[in-house]
Amino acid sequence: MQSRRKFLAGAATVGAIGLAPALSGCASTARSAAGKGKVVIVGAGYGGSTAAKYIREWSNNGISVTVIEPGDAFISCPISNLVIAGAKSMQDITTSYDNLRQRHGVTWVKSTVEGIDPAGHTVKLANGDTLGYDKLVLSPGIDLMFDQVKGLLAARDEGKILQSMKAGPETMALRRQIEALPDGGVFALTVPLAPYRCPPGPYERATLVAAYFKQHKPRSKVLIFDSNDKVQSKEPLFKKAWAEQYKGMVEYIPDHKVVGVNTARMELEFEVNDPVKADVLNVIPPQRAGIIAQRTGLANMNARWCGVDYMTFESAVHKDIHVLGDSIQLSPLMPKSGHMANQHAKVAAAAIIAMLYDQPVNPHPVVMNTCYSMVNFKEAIHVATVHQYDAEKKTFLTVPGSGGISAGPSEIEATYADAWAHNIWRDTLS
Ligand SMILES: Cc1cc2nc3c(=O)[nH]c(=O)nc-3n(C[C@H](O)[C@H](O)[C@H](O)COP(=O)(O)OP(=O)(O)OC[C@H]3O[C@@H](n4cnc5c(N)ncnc54)[C@H](O)[C@@H]3O)c2cc1C
C-alpha cells in the first residue's frame with residue numbers, strides 16, 4: 001500500500017492539469033498496487049509511450065507498467081516529411097526509450113503482441129511469453145490496407161512503390177527515390193479517402209518535395225491525386241502556397257481514387273480516369289486500426305476502427321482494454337494525430353488510475369490538438385482545436401470559439417512547429 005503523502009502527490013499532478021480532479025484524497029480507499037495495479041501497454045508510439053509515462057508518474061509509481069514494443073527507439077512521423085525532403089536527418093526524429101525505462105521504471109519487453117485473451121486478461125508475445133494484466137492499453141497505430149490497391153503490396157515488397165506512413169527505413173528509402181529522380185521528372189502522391197493518419201500529412205509531404213525540387217530540380221513536377229473531393233486540412237493555406245510558391249510545379253487533382261499500380265510502366269490506375277505515369281509513385285492506401293486490434297475483434301466500427309468510451313478510452317467491445325491513438329473511431333473533427341494520441345493517453349492514464357483505485361473517473365476531460373505543416377523550409381502554417389467531453393452525448397465536441405487556423409505561412413510558425421515537436425517528444429519520452 002502506498003503512503004497517503006506519496007499518492008496525493010501523484011493525484012495533485014493529475015488534478016493540476018484538469019484531467020482527474022476526483023482522484024485527490026483517494027489514498028484511504030486505495031487498493032494494493034501489487035494486487036490490482038498491473039498495466040500492460042502494446043506499442044510505444046505517441047499513445048503508448050505517453051500512457052506508460054503518465055500512469056507511472058500520476059500513480060506515484062504505484063502501478064506497474066510493462067510496455068511491449070518491437071522497435072529499438074521512438075521514431076517520429078511528425079517532422080519525417082522534412083527528412084523525406086532532405087532538410088532533416090533520421091537522427092533528428094529519433095529518441096531513445098531509456099527515460100521511460102530508467103527514470104520511470106517501466107518494464108520493457110522488445111517483442112510483438114501476437115494475441116490477446118480478453119477473458120483471461122493475458123497477452124501472448126512473439127517471443128513465446130504470456131503476460132497477465134489488470135488493464136491493457138493498446139496503441140498499435142494503423143494497418144495499411146494494401147488489398148485496396150491492386151499490385152501495391154508486391155510493389156512495396158520489391159521496394160518500388162513506397163508509403164512512408166510509419167517513420168523508419170521507408171522514410172529514407174523514399175528520400176533516396178526522390179534524390180534519384182531526374183530534373184524534369186514527376187513525383188506523384190495519392191491520398192486515400194478520409195479518415196486516414198494525419199489529415200494534412202500527405203499535402204505537407206507533396207509541398208516539401210516541391211520545395212526540394214524548386215531548389216535542386218526546378219523542371220520537375222509534383223502531382224497530388226486525392227480520393228477525396230477536396231484537401232482534407234488547411235485547404236485554403238495549402239492551395240495558396242501551391243498557387244503562389246509552386247506555380248506550374250504542383251498540380252492538385254481531386255476525386256481520383258487509385259485502385260491499382262503497374263510497376264513495369266510506373267503507372268497509377270484509377271477507378272474511372274486514365275492511367276498516369278510518374279518517376280516516383282508514393283501511394284498511400286486506405287487504413288484501419290493496427291492488426292492486433294483487428295485480430296482481437298476490437299475494430300467494431302465498419303470493421304476498421306475501434307469504438308471506445310471517450311471518457312476512459314475503454315473499448316466498446318472488451319472490458320479492461322483501453323484503445324488510443326490512430327486505431328480508434330474518432331469523435332467529430334478529431335484528427336488522427338500524434339498530438340491527439342498523446343492527449344487520449346493522458347485521459348486514459350487518469351481514468352485507469354482512478355478505476356484501479358476505485359475512484360470516480362473525471363467526467364469532463366478536455367483535449368486539444370495543434371497541427372503544424374511546413375510549406376517550405378522556412379515557413380509553416382497551423383490548425384488548432386479544443387475538444388471537451390459531453391457526458392450527455394457521450395462524445396467529444398469542439399469548444400465554441402476555441403482553436404483556429406493561421407492567416408498565412410510565416411517564419412515564426414516554423415519556429416513554433418519545431419518547438420511543438422521537441423516539446424511533445426519531451427512530454428512523451430522524458
Ligand atoms: C508523414 C506524417 C506526418 C505526420 N505529422 C504529424 C504532425 O505534424 N503532428 C501530429 O500530431 N501528428 C502527425 N502525424 C500523425 C502521427 O504520427 C500519428 O497520428 C501517431 O503516430 C499515432 O500514434 P499511435 O500511438 O496511434 O501510433 P504510433 O505512433 O504509430 O505507434 C504505434 C506503435 O505500436 C507498435 N506496435 C504495433 N503493433 C504492435 C504489436 N502487435 N505489438 C507491439 N507493438 C506494436 C509499433 O511498433 C509502434 O511503435 C504524422 C504522420 C505521418 C505519417
# chains A, B, ... in the order shown; residues from 1 in each chain; ligands from 1
call {"tool": "closest_atom_pairs", "arguments": {"of": "chain A", "to": "ligand 1", "cutoff": "7 Å", "atoms": "only C-alpha atoms and all ligand atoms", "output": "Markdown table"}}
result
| residue | atom | partner | partner_atom_place_in_ligand_line | distance |
| --- | --- | --- | --- | --- |
| A:Val42 | CA | ligand 1 | 43 (C) | 4.8 |
| A:Gly43 | CA | ligand 1 | 34 (O) | 3.2 |
| A:Ala44 | CA | ligand 1 | 49 (O) | 4.7 |
| A:Gly45 | CA | ligand 1 | 31 (O) | 3.2 |
| A:Tyr46 | CA | ligand 1 | 25 (O) | 4.0 |
| A:Gly47 | CA | ligand 1 | 25 (O) | 3.6 |
| A:Gly48 | CA | ligand 1 | 25 (O) | 5.5 |
| A:Ile68 | CA | ligand 1 | 43 (C) | 5.0 |
| A:Glu69 | CA | ligand 1 | 44 (N) | 4.1 |
| A:Pro70 | CA | ligand 1 | 47 (O) | 5.5 |
| A:Gly71 | CA | ligand 1 | 47 (O) | 5.5 |
| A:Phe74 | CA | ligand 1 | 49 (O) | 6.8 |
| A:Ser76 | CA | ligand 1 | 17 (O) | 6.4 |
| A:Cys77 | CA | ligand 1 | 17 (O) | 4.3 |
| A:Pro78 | CA | ligand 1 | 5 (N) | 3.4 |
| A:Ile79 | CA | ligand 1 | 5 (N) | 6.2 |
| A:Ser80 | CA | ligand 1 | 1 (C) | 5.7 |
| A:Asn81 | CA | ligand 1 | 1 (C) | 5.3 |
| A:Ser111 | CA | ligand 1 | 43 (C) | 6.3 |
| A:Thr112 | CA | ligand 1 | 42 (N) | 3.6 |
| A:Val113 | CA | ligand 1 | 42 (N) | 3.9 |
| A:Glu114 | CA | ligand 1 | 41 (N) | 5.7 |
| A:Ser139 | CA | ligand 1 | 25 (O) | 4.6 |
| A:Pro140 | CA | ligand 1 | 34 (O) | 3.6 |
| A:Gly141 | CA | ligand 1 | 27 (O) | 3.4 |
| A:Ile142 | CA | ligand 1 | 30 (O) | 6.5 |
| A:Ser164 | CA | ligand 1 | 53 (C) | 6.6 |
| A:Met165 | CA | ligand 1 | 53 (C) | 3.9 |
| A:Lys166 | CA | ligand 1 | 53 (C) | 5.6 |
| A:Ala167 | CA | ligand 1 | 53 (C) | 6.8 |
| A:Arg197 | CA | ligand 1 | 19 (O) | 5.5 |
| A:Cys198 | CA | ligand 1 | 15 (C) | 4.4 |
| A:Gly201 | CA | ligand 1 | 3 (C) | 4.6 |
| A:Pro202 | CA | ligand 1 | 1 (C) | 6.6 |
| A:Arg205 | CA | ligand 1 | 1 (C) | 6.8 |
| A:Gly290 | CA | ligand 1 | 38 (N) | 6.0 |
| A:Ile291 | CA | ligand 1 | 38 (N) | 6.6 |
| A:Ile292 | CA | ligand 1 | 41 (N) | 5.0 |
| A:Leu324 | CA | ligand 1 | 26 (O) | 6.1 |
| A:Gly325 | CA | ligand 1 | 26 (O) | 3.5 |
| A:Asp326 | CA | ligand 1 | 26 (O) | 4.0 |
| A:Ser327 | CA | ligand 1 | 26 (O) | 5.9 |
| A:Lys336 | CA | ligand 1 | 19 (O) | 4.7 |
| A:Ser337 | CA | ligand 1 | 19 (O) | 3.1 |
| A:Gly338 | CA | ligand 1 | 11 (O) | 3.5 |
| A:His339 | CA | ligand 1 | 11 (O) | 3.9 |
| A:Met340 | CA | ligand 1 | 11 (O) | 6.4 |
| A:Ala341 | CA | ligand 1 | 23 (O) | 5.1 |
| A:Thr370 | CA | ligand 1 | 11 (O) | 6.9 |
| A:Cys371 | CA | ligand 1 | 9 (N) | 5.0 |
| A:Tyr372 | CA | ligand 1 | 8 (O) | 5.5 |
| A:Ser373 | CA | ligand 1 | 8 (O) | 6.3 |
call {"tool": "select_by_dssp", "arguments": {"residues": "range 80-274 of chain A", "states": "strand (DSSP E)", "output": "ChimeraX atom specification"}}
result
/A:94-95,107-109,113-117,122-125,130-132,135-138,142-144,186-191,221-226,250-253,258-262,267-270
call {"tool": "residues_around", "arguments": {"residues": "range 145-149 of chain A", "least_positions_apart": "2", "cutoff": "7 Å", "atoms": "only C-alpha atoms", "output": "VMD selection string"}}
result
chain A and resid 143 151 to 153 258 to 260 285 to 287
call {"tool": "residues_around", "arguments": {"residues": "Lys378 in chain A", "least_positions_apart": "2", "cutoff": "12 Å", "atoms": "only C-alpha atoms", "output": "PyMOL selection string"}}
result
chain A and resi 82+87+208+211+373-376+380-381+409-418
call {"tool": "atom_distance", "arguments": {"atom1": "CA of Ile328 in chain A", "atom2": "CA of Gln343 in chain A"}}
result
13.1 Å
call {"tool": "select_by_dssp", "arguments": {"residues": "range 104-298 of chain A", "states": "alpha helix (DSSP H)", "output": "PyMOL selection string"}}
result
chain A and resi 152-157+169-180+201-216+235-245+291-295
call {"tool": "closest_residue", "arguments": {"among": "A:Lys88, A:Lys394, A:Lys257, A:Lys221", "to": "Thr312 in chain A", "atoms": "only C-alpha atoms"}}
result
A:Lys394
